[in-house]
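**Student:** First, the structure itself, so that you have it in front of you.
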Amino acid sequence: MSGITVNELYKTYKGSAEPTLKGLTFQFEKGKIAGLLGPNGAGKTTTISILCGIVKSDTGEVFIHGLKQDAAHREAIKRLIGIVPQQIALYPQLSAVENLTYFGNLYGFKGKALQQKIMYYLELFGLEASAHKEIHKYSGGMKRRANIIAAILHDPQLLVLDEPTAGVDVQSRSMILQFLRDYNRQGASILYTSHLLEEAQSLCEEVVIMDAGKMIVHGHPLTLIREHATCNNLEDVFLHFTGHAVRD
Ligand SMILES: Nc1ncnc2c1ncn2[C@@H]1O[C@H](COP(=O)(O)OP(=O)(O)OP(=O)(O)O)[C@@H](O)[C@H]1O
């Protein structure tokens, strides 16, 4: 399996009585836009963090494009993946160009080629006029767009995004979604989490709905909707499987 394989993941955080992941198992095909969905506290961020090698699971295994996520492959997987975390991971006192130069350098890119790439992406994401503005002066949507650029400078084959469109303005959201479609069309795999189910339904070719640390259902959004007579959209499917009780 050359996409993403998650096998029997268990994870209990130190000091927690309850496991966060309880035998989580799923697969996503390579080259697709995939969505990892679930209510608050389902374990999505934990799962993504384990996939990317940021958090260690207690047991279970993960394969990314055929490579096992372990010490022997950590560096190779790091080059393969671009991570866009939920929190903005940029230095607020530095400009976009300064931040992106720093992140490019971390991946070994330097000089004119890096600067050209940074300017290309700043333009693509509508940030060229604010290229030298400090990040703390950016709006929320601008920060999100810059945060994505930081994750793609090394041309990752798999882009993993944790709620990239949460709380952003309509124009930024539309630009981010268009970028994800284009980046996928160029051959990259995308894995993203979101609570916006209408968005996930239109964007994703595959979704996993997880709850309480387990996989609940997996499939193409439209197939899942068709398979359940009472469901008209992905939100109906989500509520069908995860219930109506509010989560804390
Ligand atoms: N570092 C941590 N230490 C202890 N508990 C944690 C830690 N990170 C997450 N948890 C707990 O694990 C559970 C799952 O959290 P996680 O952030 O993975 O879920 P999620 O599905 O991403 O939620 P949300 O949609 O709210 O972002 C929660 O109960 C959370 O409190």
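Labels used: A, B, ... for chains in the order of the structure tokens, numbers from 1 for residues in each chain, and numbers from 1 for ligands as shown.
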Please identify every polymer residue within 6 Å of ligand 1, using only C-alpha atoms and all ligand atoms, and present the set as an NGL selection string.

**Tutor:** :A and (13 or 20 or 38-46)

**Student:** Write to file, as a short mmCIF file (atom, residue, chain, number, x, y, z; two decimals), in the first residue's frame, the residues of the selection just made, with N, CA and C atoms.

**Tutor:**
data_model
loop_
_atom_site.label_atom_id
_atom_site.label_comp_id
_atom_site.auth_asym_id
_atom_site.auth_seq_id
_atom_site.Cartn_x
_atom_site.Cartn_y
_atom_site.Cartn_z
N TYR A 13 -2.05 9.62 26.53
CA TYR A 13 -1.14 10.68 26.96
C TYR A 13 -0.82 10.51 28.44
N THR A 20 -6.44 8.05 24.05
CA THR A 20 -6.94 8.95 23.00
C THR A 20 -7.17 8.16 21.71
N GLY A 38 -14.05 14.16 12.39
CA GLY A 38 -14.50 13.63 13.67
C GLY A 38 -14.85 14.76 14.61
N PRO A 39 -15.68 14.48 15.63
CA PRO A 39 -16.05 15.52 16.58
C PRO A 39 -14.85 16.00 17.40
N ASN A 40 -15.04 17.06 18.19
CA ASN A 40 -14.00 17.54 19.10
C ASN A 40 -13.47 16.39 19.94
N GLY A 41 -12.17 16.29 20.05
CA GLY A 41 -11.58 15.29 20.94
C GLY A 41 -11.53 13.88 20.36
N ALA A 42 -11.92 13.71 19.09
CA ALA A 42 -11.94 12.37 18.49
C ALA A 42 -10.53 11.78 18.38
N GLY A 43 -9.53 12.67 18.26
CA GLY A 43 -8.15 12.19 18.13
C GLY A 43 -7.51 12.53 16.79
N LYS A 44 -8.07 13.48 16.06
CA LYS A 44 -7.57 13.81 14.71
C LYS A 44 -6.16 14.40 14.77
N THR A 45 -5.98 15.41 15.64
CA THR A 45 -4.66 16.06 15.73
C THR A 45 -3.62 15.07 16.23
N THR A 46 -4.01 14.23 17.18
CA THR A 46 -3.09 13.21 17.69
C THR A 46 -2.67 12.29 16.55
#

**Student:** Using only C-alpha atoms, what does the table of stretch 35-130 of chain A residues within 12 Å of stretch 187-192 of chain A look like, with each row giving the shortest atom pair and its distance in Å to one decimal, sorted by chain and ascending number, as CSV?

**Tutor:**
residue,atom,partner,partner_atom,distance
A:Gly35,CA,A:Tyr192,CA,5.0
A:Leu36,CA,A:Tyr192,CA,6.1
A:Leu37,CA,A:Tyr192,CA,8.5
A:Gly38,CA,A:Tyr192,CA,11.7
A:Lys44,CA,A:Tyr192,CA,9.6
A:Thr45,CA,A:Tyr192,CA,10.1
A:Thr47,CA,A:Tyr192,CA,11.3
A:Ile48,CA,A:Leu191,CA,8.9
A:Leu51,CA,A:Leu191,CA,10.5
A:Cys52,CA,A:Leu191,CA,11.3
A:Ile64,CA,A:Ser189,CA,10.7
A:His65,CA,A:Ser189,CA,9.7
A:Leu80,CA,A:Ala188,CA,10.0
A:Ile81,CA,A:Ser189,CA,9.5
A:Gly82,CA,A:Ile190,CA,9.6
A:Ile83,CA,A:Leu191,CA,9.8
A:Val84,CA,A:Tyr192,CA,9.2
A:Pro85,CA,A:Tyr192,CA,10.2
A:Gln86,CA,A:Tyr192,CA,10.6

**Student:** I want to know what sits within 7 Å of stretch 118-134 of chain A, based on only C-alpha atoms, with residues of the same chain fewer than 3 positions away left out; could you give that as a list of chain:residue names?

**Tutor:**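 With the cut-off at 7 Å, the set is A:Pro92, A:Gln93, A:Leu94, A:Ser95, A:Ala96, A:Val97, A:Leu100, A:Leu114, A:Gln115, A:Lys137, A:Arg145, A:Ile149.
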
**Student:** Go ahead and save the picked residues with C-alpha atoms, as an mmCIF file, in the first residue's frame.

**Tutor:**
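Dumped to again10.cif:
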data_model
loop_
_atom_site.group_PDB
_atom_site.id
_atom_site.type_symbol
_atom_site.label_atom_id
_atom_site.label_comp_id
_atom_site.auth_asym_id
_atom_site.auth_seq_id
_atom_site.Cartn_x
_atom_site.Cartn_y
_atom_site.Cartn_z
ATOM 1 C CA PRO A 92 5.462 37.073 14.555
ATOM 2 C CA GLN A 93 8.281 39.659 14.665
ATOM 3 C CA LEU A 94 9.757 38.524 11.333
ATOM 4 C CA SER A 95 8.384 39.363 7.886
ATOM 5 C CA ALA A 96 6.947 36.700 5.593
ATOM 6 C CA VAL A 97 10.123 36.682 3.495
ATOM 7 C CA LEU A 100 10.056 31.674 4.668
ATOM 8 C CA LEU A 114 14.854 29.955 -2.740
ATOM 9 C CA GLN A 115 14.031 33.676 -3.018
ATOM 10 C CA LYS A 137 0.596 42.736 11.338
ATOM 11 C CA ARG A 145 -1.812 31.473 3.735
ATOM 12 C CA ILE A 149 3.786 28.423 2.087
#

**Student:** Can you pull out every residue from stretch 53-217 of chain A that DSSP, working from the backbone, puts in alpha helix (DSSP H), and format the result as a ChimeraX atom specification?

**Tutor:** /A:74-80,96-106,111-124,140-152,170-185,197-203

**Student:** Name the residues of stretch 45-227 of chain A that come out as strand (DSSP E) in a backbone DSSP run; write them as a PyMOL selection string.

**Tutor:** chain A and resi 59-64+67-68+81-84+158-162+189-193+206-211+214-219

**Student:** Give me the residues within 12 Å of stretch 66-68 of chain A as a PyMOL selection string, counting only C-alpha atoms and dropping any in the same chain fewer than 5 places off.

**Tutor:** chain A and resi 1-7+27-30+50-53+60-61+73-81

**Student:** If you measure from atom CA of A:Glu206 to atom CA of A:Gln69, what distance in Å do you get, rounded to one decimal?

**Tutor:**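 These atoms are spaced 22.0 Å apart.
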
**Student:** Which residues, written as an NGL selection string, have at least one atom at most 7 Å from A:Ala89, with only C-alpha atoms counted and residues fewer than 2 positions away on the same chain left out?

**Tutor:** :A and (87 or 91 or 147)

**Student:** For A:Ile216, which of A:Val237, A:Leu161, A:Ala245, A:Ala229 is the closest residue, counting only C-alpha atoms?

**Tutor:**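 Checking each candidate against A:Ile216, we get A:Val237 as the closest.
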
**Student:** Just the residues within 6 Å of A:Leu21, please, counting only C-alpha atoms, with nothing from its chain fewer than 5 positions along; format it as a list in words.

**Tutor:** Tyr10, Lys11 and Gly213 of chain A

**Student:** Any idea what's packed within 12 Å of stretch 230-235 of chain A, counting only C-alpha atoms, ignoring anything in its chain fewer than 5 positions away? Could you give it as an MDAnalysis selection string?

**Tutor:** chainID A and resid 35 37:39 194:204 206:209 217:225 240:244

**Student:** Output C-alpha atoms for every residue in the selection just made, as a PDB file, in the first residue's frame.

**Tutor:**
ATOM      1  CA  GLY A  35     -10.243  14.068   4.896  1.00  0.00           C
ATOM      2  CA  LEU A  37     -13.062  13.990  10.193  1.00  0.00           C
ATOM      3  CA  GLY A  38     -14.505  13.628  13.675  1.00  0.00           C
ATOM      4  CA  PRO A  39     -16.055  15.522  16.584  1.00  0.00           C
ATOM      5  CA  SER A 194     -11.857  20.020   9.133  1.00  0.00           C
ATOM      6  CA  HIS A 195     -15.092  20.564  10.991  1.00  0.00           C
ATOM      7  CA  LEU A 196     -16.543  22.133   7.826  1.00  0.00           C
ATOM      8  CA  LEU A 197     -18.339  19.156   6.342  1.00  0.00           C
ATOM      9  CA  GLU A 198     -19.773  20.912   3.296  1.00  0.00           C
ATOM     10  CA  GLU A 199     -16.206  21.862   2.410  1.00  0.00           C
ATOM     11  CA  ALA A 200     -14.911  18.311   3.041  1.00  0.00           C
ATOM     12  CA  GLN A 201     -17.724  16.865   0.905  1.00  0.00           C
ATOM     13  CA  SER A 202     -16.787  18.987  -2.092  1.00  0.00           C
ATOM     14  CA  LEU A 203     -13.002  18.708  -1.646  1.00  0.00           C
ATOM     15  CA  CYS A 204     -12.299  15.124  -0.567  1.00  0.00           C
ATOM     16  CA  GLU A 206     -11.920   9.860   0.488  1.00  0.00           C
ATOM     17  CA  VAL A 207     -12.927  10.528   4.079  1.00  0.00           C
ATOM     18  CA  VAL A 208     -12.434   8.712   7.354  1.00  0.00           C
ATOM     19  CA  ILE A 209     -14.830   9.619  10.141  1.00  0.00           C
ATOM     20  CA  VAL A 217     -16.540   4.760   8.631  1.00  0.00           C
ATOM     21  CA  HIS A 218     -14.409   5.232   5.492  1.00  0.00           C
ATOM     22  CA  GLY A 219     -15.335   5.976   1.897  1.00  0.00           C
ATOM     23  CA  HIS A 220     -15.988   8.506  -0.851  1.00  0.00           C
ATOM     24  CA  PRO A 221     -18.323  11.212   0.522  1.00  0.00           C
ATOM     25  CA  LEU A 222     -20.913  10.668  -2.221  1.00  0.00           C
ATOM     26  CA  THR A 223     -20.810   6.870  -1.775  1.00  0.00           C
ATOM     27  CA  LEU A 224     -21.377   7.261   1.961  1.00  0.00           C
ATOM     28  CA  ILE A 225     -24.313   9.597   1.335  1.00  0.00           C
ATOM     29  CA  HIS A 240     -25.639   9.343  11.732  1.00  0.00           C
ATOM     30  CA  PHE A 241     -22.356   7.782  12.877  1.00  0.00           C
ATOM     31  CA  THR A 242     -21.278  10.103  15.704  1.00  0.00           C
ATOM     32  CA  GLY A 243     -24.666  11.054  17.164  1.00  0.00           C
ATOM     33  CA  HIS A 244     -26.143  14.421  18.150  1.00  0.00           C
TER      34      HIS A 244
END

**Student:** Between atom CA of A:Glu205 and atom CA of A:Ala146, what is the distance in Å, rounded to a tenth?

**Tutor:**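 About the pair atom CA of A:Glu205 and atom CA of A:Ala146: they are 25.7 Å apart.
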